[in-house]
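> Encoded as structure tokens, here's the structure I'll be asking about.
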Amino acid sequence: MFIEPTRRREPTHLRTGWIEVICGSMFSGKTEELIRRLTRARIAKLNIQIFKPALDTRYHHENIVSHSDLTIPSTPVQTASQILPLAGDCDVVGIDEAQFFDTDIVNVCINLANQGKRVIVAGLDMDFAGNPFGCIPQLMSVAEYVTKVHAICIVCGDLAQYSYRLVPSKERVLLGETESYEARCRRCFNLGENAGRKEWVYENVTDDE
Ligand code: ZN
């Protein structure tokens, strides 16, 4: 589990900032982990500002809501560059669904960290085809701390890192969540429609006996 580095209570311009990236597939608990860290920062009486892309409106227009209904107020923004002026003199900046932001998001995060702020960014690291998503790879490169969280494969129960799309669409951005995707491990993701639940159960029973 991620433990926050301790830092002295100094004016922002005298202290160092850093970038944390929380990435993984859908249903991996990224947003829960982001909310957990932001809640702890709030308990520490740090000023926090939270942003998300305006396009992610599946649950609520202003709150960040995780699958398990944790919620925290956030500001929707159209472009990454809008974050800089809105962040003001806060101590901690949280950014959710970062894969949907434009390429400016990398320099925005660097700029905020250089100002002495703690920047916590959460996002999908791969799209439905298993390709790196948006600027998450670049953000992982420039971050001090990277946490990859995992879901559980719906088919076989192994650790899952892929968001398998259940509906036929080539659109990269398809919002709608539970009904459109399921978490899968590498093997079941590659098996696609042939990943059968029953077959797996029989395989495992016979192997052990
Ligand atoms: Zn699997």
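By order of appearance in the structure tokens: chains A, B, ..., then residues from 1 within every chain, and ligands from 1 in the order shown.
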Let me have all residues with an atom within 12 Å of ligand 1, counting only C-alpha atoms and all ligand atoms, laid out as a count of residues only.
32
> Step one, run DSSP on the backbone; step two, keep only residues of range 20-181 of chain A assigned to strand (DSSP E); then write them as a PyMOL selection string.
chain A and resi 20-24+48-53+63-65+71-73+75-77+92-95+118-124+145-149+151-152+159-160+162-165+181
> Excluding Lys52 in chain A and any residue of its chain fewer than 6 positions from it, enumerate the residues within 10 Å of it, using only C-alpha atoms, and give them as a compact mmCIF listing (two decimals) with C-alpha atoms, in the first residue's frame.

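The resulting file, result.txt, is reproduced below:
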# COMPACT_ATOMS: atom_id res chain seq x y z
CA HIS A 61 -21.12 16.02 -13.41
CA GLU A 62 -19.05 17.30 -10.51
CA ASN A 63 -18.20 14.46 -8.16
CA ILE A 64 -15.60 11.77 -8.64
CA SER A 74 -14.26 17.58 -8.33
CA THR A 75 -14.07 20.23 -11.04
CA PRO A 76 -14.70 19.07 -14.63
CA VAL A 77 -12.38 20.77 -17.16
CA GLN A 78 -12.40 20.73 -20.97
CA THR A 79 -8.62 20.89 -21.46
CA ALA A 80 -5.58 20.01 -19.36
CA ILE A 83 -6.06 22.93 -14.49
CA GLY A 94 -5.95 15.06 -7.73
CA ILE A 95 -6.70 14.18 -11.38
CA ASP A 96 -9.02 11.31 -12.34
CA GLU A 97 -9.53 9.62 -15.74
CA ALA A 98 -6.28 11.23 -16.94
CA PHE A 100 -8.89 11.25 -21.60
CA PHE A 101 -6.90 14.48 -21.31
CA VAL A 121 -3.04 11.17 -11.20
CA ALA A 122 -5.31 8.17 -11.82
> Write out, as CSV, each residue of range 112-134 of chain A that has an atom at most 12 Å from range 30-50 of chain A, together with the closest pair of atoms and their distance in Å to one decimal, counting only C-alpha atoms, rows going by chain and rising number.

residue,atom,partner,partner_atom,distance
A:Leu112,CA,A:Gln49,CA,11.7
A:Lys117,CA,A:Ile48,CA,9.7
A:Arg118,CA,A:Ile48,CA,9.4
A:Val119,CA,A:Gln49,CA,9.8
A:Ile120,CA,A:Leu34,CA,7.2
A:Val121,CA,A:Leu34,CA,7.7
A:Ala122,CA,A:Lys30,CA,6.2
A:Gly123,CA,A:Lys30,CA,7.1
A:Leu124,CA,A:Lys30,CA,8.3
A:Asp125,CA,A:Lys30,CA,10.6
> Can you tell me which residues surround Gln99 in chain A at a distance of at most 10 Å, considering only C-alpha atoms, apart from same-chain residues fewer than 4 positions away, and format the answer as a PyMOL selection string?
chain A and resi 23+53+103+105+121-127+132-137+139
> Which polymer residues have any atom within 9 Å of an atom of Val142 in chain A, counting only C-alpha atoms, with same-chain residues fewer than 5 positions away left out, as a list in words?
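The residues satisfying every condition are Ile19, Val106 and Ile110 of chain A.
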